[in-house]
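K.L.:
Right, I'll just put the structure down here and ask away after.
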Amino acid sequence: MDKPFFSIIKKSKKSRARLGVLQTPHGTVQTPSFVPVATKGTLKAIAPNLLKDIGAQVMFVNTFHLVLSPGVDTLRSFGGIHQYASLQLPLMSDSAGFQVFSLGSKINSKGFKITEKGVHFKSPRDGASLFISPEQSMKHQEKIGADILMAFDECIPHGVSHEYALEATERTHRWLLRCIKAKKRKDQRLYGIVQGGGFKDLREQSARFIAEQNVDGIAIGGVSVGETQKEMRDQVRWSAPFLPEKLPRHLLGVGRPKDFRYAISQGMDTFDCVEPTRLARTGTVFTIKGKNIVRMNLMRPLYKKDKKPIEKTCSCYTCKTFSRSYLHHLFREQEMLGHQLASIHNITMMHLEFEKIRQEIQRGIL
RNA sequence: GGGUCGGUGGCAGAGUGGACAAUUGCACGUGGCUGUAAACCACGCGGCCUUGCGCCUACGGGGGUUCGAAUCCCUCCCGGCCCA
C-alpha cells in the first residue's frame, strides 16, 4: 500500500481536466475513465474473458442487488466478488443509495421508509423487507470486497423542495460520518457522495462538507434522475470546484457521451452508467455522425440490408466482423448473440471515446 | 352420401342480438431508456376526413328476421372430426 491511491499525471491548463491513475489491489485505472456497470456481478451479456478486449478497466457493482442475490455471506465465502464472478479488474461498489431513489420513491412506497437510522426497503422480487443503514452498507460492501466503496447516501429525486433537499443532504452527511466510522478494511477505499438536489447553495454546502471528511475520493450523486441536461451540468458545476484537487472524483450515473467532456473539464475523473449496455440490449448502438456519438436503433427496417459495420472507425470485434444487417436480424429474432455483440460495441465505443479524451488532455486540447 | 363442429382484422384466438371498428397475444410501426425491478417500457396498428362520443367499409359468399346482426334463420362455398 505504498503507492498512492490516486495520482495526477497531468493537469490541463485550459480547464480543470486532469489525467490520472487509480491504484487498486486489482489493478490500475487510467483516468478519465468510463466505468461499465455490472450491477449483479456481471456486465450483462459479456463474459469476463472479453472485458479486456472491450477496454473495461474498472466496473461498478451494486450492494443492494448483491445482498438480495447471492447474498454477501456467499460472496465472502468465495473470497469476494472478484473471485466469485471472476472479475479480475478493479471494482467499485455502489452502496444501495441509488435504490432509495429507484425503488423507494417509485414502487412499493408502503414498505419503504427513510429514517435517520437507515432505509427500510422492500425486495422488488418477493416483497421481503430489508433494512440498510450506513453501518450495514459498509459491512455488506466489505464482504462484497470491491476496491472502492460508495458511502450510503440518499439519492434525492428530481424536483423536490429546497426544504426536503436540505434535510436529505444533511442526513446523507451524517450517514457519511457513520460510514467512515463503520468501515474497517484498510484495503478498500471509500468515496463520500455529494448531494444537494437541484439547489446551488446545497450543492456547494454538500461539496464543502464531503471535502472536509476523511475520504479517499468523492462522488457527485443525485444527478441523472430526470432533470434536464442543463440542470445536470449545473449541479456538477456547482459541486466540482469545491472538491479537493488531490482526490479522485466520480460522477454517478452519467452518462451520455455528450456530457463527458463537460464534466471532465469541471474536474471529474470517472463515470459509471448503465446506458451503453442497456441500450445495447434493447437494440440501440452508438455510431459516429460528424463529431458526435449518436444512437442507432438496429431494429429499424432500414438496416435490414445494410452491409456496413455499425461504425467503420470502431475497432471492436462486432464492427470488424459483422454487418448492421446481421445485427438487425439477430435483434429481430431475439437471438442472444445480438445482446452480446451490441454490448461489446457500445462499451468499446465508450472506451475509445475516453482514450480520445485522455489524448486531448495530454495534448492540451481539453 | 349422412352426422357434427367450425370459418372473425397479417397470424393465433376471444366475442355469440344493442355498450363492437371488435378483448388478448404475436407480428408490424414509432418513440424512450443516464449510481439497472430493464434481453425492458410506452404509444400506434381497417380507411377517410371538417379528428367528431364523425362518416365509410368490415367478422367466408348471398339472402332473410329485427328498430338494430360478427352474434338468430335459410342457402351456397370451404375446412376438421365421426359414421357409411
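Residue names in the C-alpha cells use chain letters A, B, ... in the order shown, residue numbers from 1 in each chain, and ligand numbers from 1 in the order shown.
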Contacts from chain A to chain B, 6 Å maximum, only C-alpha atoms (C1' of nucleotides): show me the residue list as a list in words.

P.N.:
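Residues of chain A within 6 Å of chain B, counting only C-alpha atoms (C1' of nucleotides): Phe98, Pro124, Ser224, Leu252, Gly253, Val254, Gly255 and Arg281 of chain A.
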
K.L.:
Could you take the residues named above and write them with N, CA and C atoms, as a compact mmCIF listing (two decimals), in the first residue's frame?

P.N.:
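Dumped everything to out_21.txt:
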# COMPACT_ATOMS: atom_id res chain seq x y z
N PHE A 98 -28.66 4.46 -4.37
CA PHE A 98 -29.46 4.73 -5.56
C PHE A 98 -30.81 4.03 -5.49
N PRO A 124 -37.85 -5.99 -4.59
CA PRO A 124 -38.74 -5.93 -5.75
C PRO A 124 -39.12 -7.32 -6.23
N SER A 224 -28.74 12.86 -13.04
CA SER A 224 -29.35 11.89 -13.96
C SER A 224 -30.54 11.21 -13.30
N LEU A 252 -21.66 9.96 -10.60
CA LEU A 252 -22.56 8.80 -10.57
C LEU A 252 -23.67 8.89 -11.62
N GLY A 253 -23.76 7.86 -12.42
CA GLY A 253 -24.89 7.74 -13.33
C GLY A 253 -24.82 8.55 -14.61
N VAL A 254 -23.69 9.12 -14.90
CA VAL A 254 -23.52 9.87 -16.16
C VAL A 254 -22.47 9.14 -16.99
N GLY A 255 -22.67 8.88 -18.21
CA GLY A 255 -23.90 9.03 -18.90
C GLY A 255 -23.73 9.07 -20.39
N ARG A 281 -28.68 -3.84 -25.24
CA ARG A 281 -29.61 -4.96 -25.12
C ARG A 281 -30.97 -4.65 -25.72

K.L.:
Set the distance at 10 Å and use only C-alpha atoms (C1' of nucleotides): which residues neighbour region 171-177 of chain A once local chain neighbours fewer than 4 positions away are removed? I'd like the list as a PyMOL selection string.

P.N.:
chain A and resi 97+115-118+133-135+150-156+165-167+181-182+190-196+206+209-210+213-215

K.L.:
How many Å separate CA of Leu366 (chain A) from CA of Gln266 (chain A)?

P.N.:
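Going from CA of Leu366 (chain A) over to CA of Gln266 (chain A) covers 10.7 Å.
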
K.L.:
Could you check which of A:Arg237, A:Gly222, A:Ser95, A:Arg300 is closest to G31 (chain B), using only C-alpha atoms (C1' of nucleotides)?

P.N.:
A:Arg300

K.L.:
How many Å separate C1' of G18 (chain B) from C1' of G52 (chain B)?

P.N.:
21.3 Å

K.L.:
Find the residues near Ile310 (chain A): any atom within 9 Å, counting only C-alpha atoms (C1' of nucleotides), skip ones fewer than 2 places away on the same chain, and give them as a list in words.

P.N.:
Val285, Phe286, Thr287, Met296, Leu298, Lys308, Lys312, Cys314, Thr318, Cys319, Phe322, Ser323, Arg324, Leu327 and His345 of chain A

K.L.:
Go ahead and compute the interatomic distance for CA of Met299 (chain A) and CA of Arg278 (chain A), in Å to one decimal.

P.N.:
14.7 Å

K.L.:
My list of candidates is B:A27, B:C74, B:C55, B:U65. Which is closest to G10 (chain B) when distances are computed with only C-alpha atoms (C1' of nucleotides)?

P.N.:
B:A27

K.L.:
Might you pull out every residue within 12 Å of region 72-82 of chain A, with only C-alpha atoms (C1' of nucleotides) counted and same-chain residues fewer than 4 positions away left off, and present them as an mmCIF file with C-alpha atoms, in the first residue's frame?

P.N.:
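Written file, selection-v1.cif:
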data_model
loop_
_atom_site.group_PDB
_atom_site.id
_atom_site.type_symbol
_atom_site.label_atom_id
_atom_site.label_comp_id
_atom_site.auth_asym_id
_atom_site.auth_seq_id
_atom_site.Cartn_x
_atom_site.Cartn_y
_atom_site.Cartn_z
ATOM 1 C CA PRO A 25 -5.228 -4.139 -5.314
ATOM 2 C CA HIS A 26 -6.779 -5.443 -8.504
ATOM 3 C CA GLY A 27 -5.033 -3.193 -10.943
ATOM 4 C CA ALA A 38 -22.146 -4.815 -13.610
ATOM 5 C CA THR A 39 -24.936 -4.443 -11.085
ATOM 6 C CA LYS A 40 -25.384 -8.057 -10.121
ATOM 7 C CA GLY A 41 -21.804 -9.067 -10.598
ATOM 8 C CA THR A 42 -21.904 -9.374 -14.343
ATOM 9 C CA PRO A 48 -15.363 -11.688 -18.194
ATOM 10 C CA VAL A 58 -12.885 -0.922 -13.831
ATOM 11 C CA MET A 59 -16.520 -1.823 -13.176
ATOM 12 C CA PHE A 60 -19.347 -0.967 -10.862
ATOM 13 C CA VAL A 61 -21.339 -3.494 -8.823
ATOM 14 C CA ASN A 62 -24.336 -2.922 -6.611
ATOM 15 C CA THR A 63 -24.711 -3.697 -2.948
ATOM 16 C CA PHE A 64 -28.491 -3.806 -2.872
ATOM 17 C CA HIS A 65 -28.720 -6.349 -5.649
ATOM 18 C CA LEU A 66 -25.846 -8.469 -4.388
ATOM 19 C CA VAL A 67 -27.390 -8.580 -0.937
ATOM 20 C CA LEU A 68 -30.570 -9.991 -2.463
ATOM 21 C CA SER A 86 -14.046 -13.978 -11.978
ATOM 22 C CA LEU A 87 -13.750 -10.246 -12.427
ATOM 23 C CA GLN A 88 -10.034 -9.615 -12.359
ATOM 24 C CA LEU A 89 -10.094 -5.864 -12.510
ATOM 25 C CA PRO A 90 -10.703 -3.001 -10.116
ATOM 26 C CA LEU A 91 -14.271 -2.795 -8.903
ATOM 27 C CA MET A 92 -16.382 -0.118 -7.314
ATOM 28 C CA SER A 93 -19.463 -0.985 -5.308
ATOM 29 C CA GLN A 136 -24.965 -2.230 7.204
ATOM 30 C CA SER A 137 -23.963 -0.883 3.838
ATOM 31 C CA MET A 138 -20.314 -0.757 4.877
ATOM 32 C CA LYS A 139 -20.457 -4.230 6.301
ATOM 33 C CA HIS A 140 -22.052 -5.534 3.128
ATOM 34 C CA GLN A 141 -19.564 -3.763 0.930
ATOM 35 C CA GLU A 142 -16.659 -5.126 2.907
ATOM 36 C CA LYS A 143 -17.978 -8.614 2.324
ATOM 37 C CA ILE A 144 -18.566 -7.944 -1.352
ATOM 38 C CA GLY A 145 -14.951 -6.911 -1.476
ATOM 39 C CA ALA A 146 -14.809 -4.249 -4.174
ATOM 40 C CA ASP A 147 -11.804 -1.942 -4.246
#

K.L.:
Between B:G25, B:A84, B:G17, B:C11, single out the one closest to G68 (chain B), counting only C-alpha atoms (C1' of nucleotides).

P.N.:
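That would be B:G17, the residue with the smallest distance to G68 (chain B).
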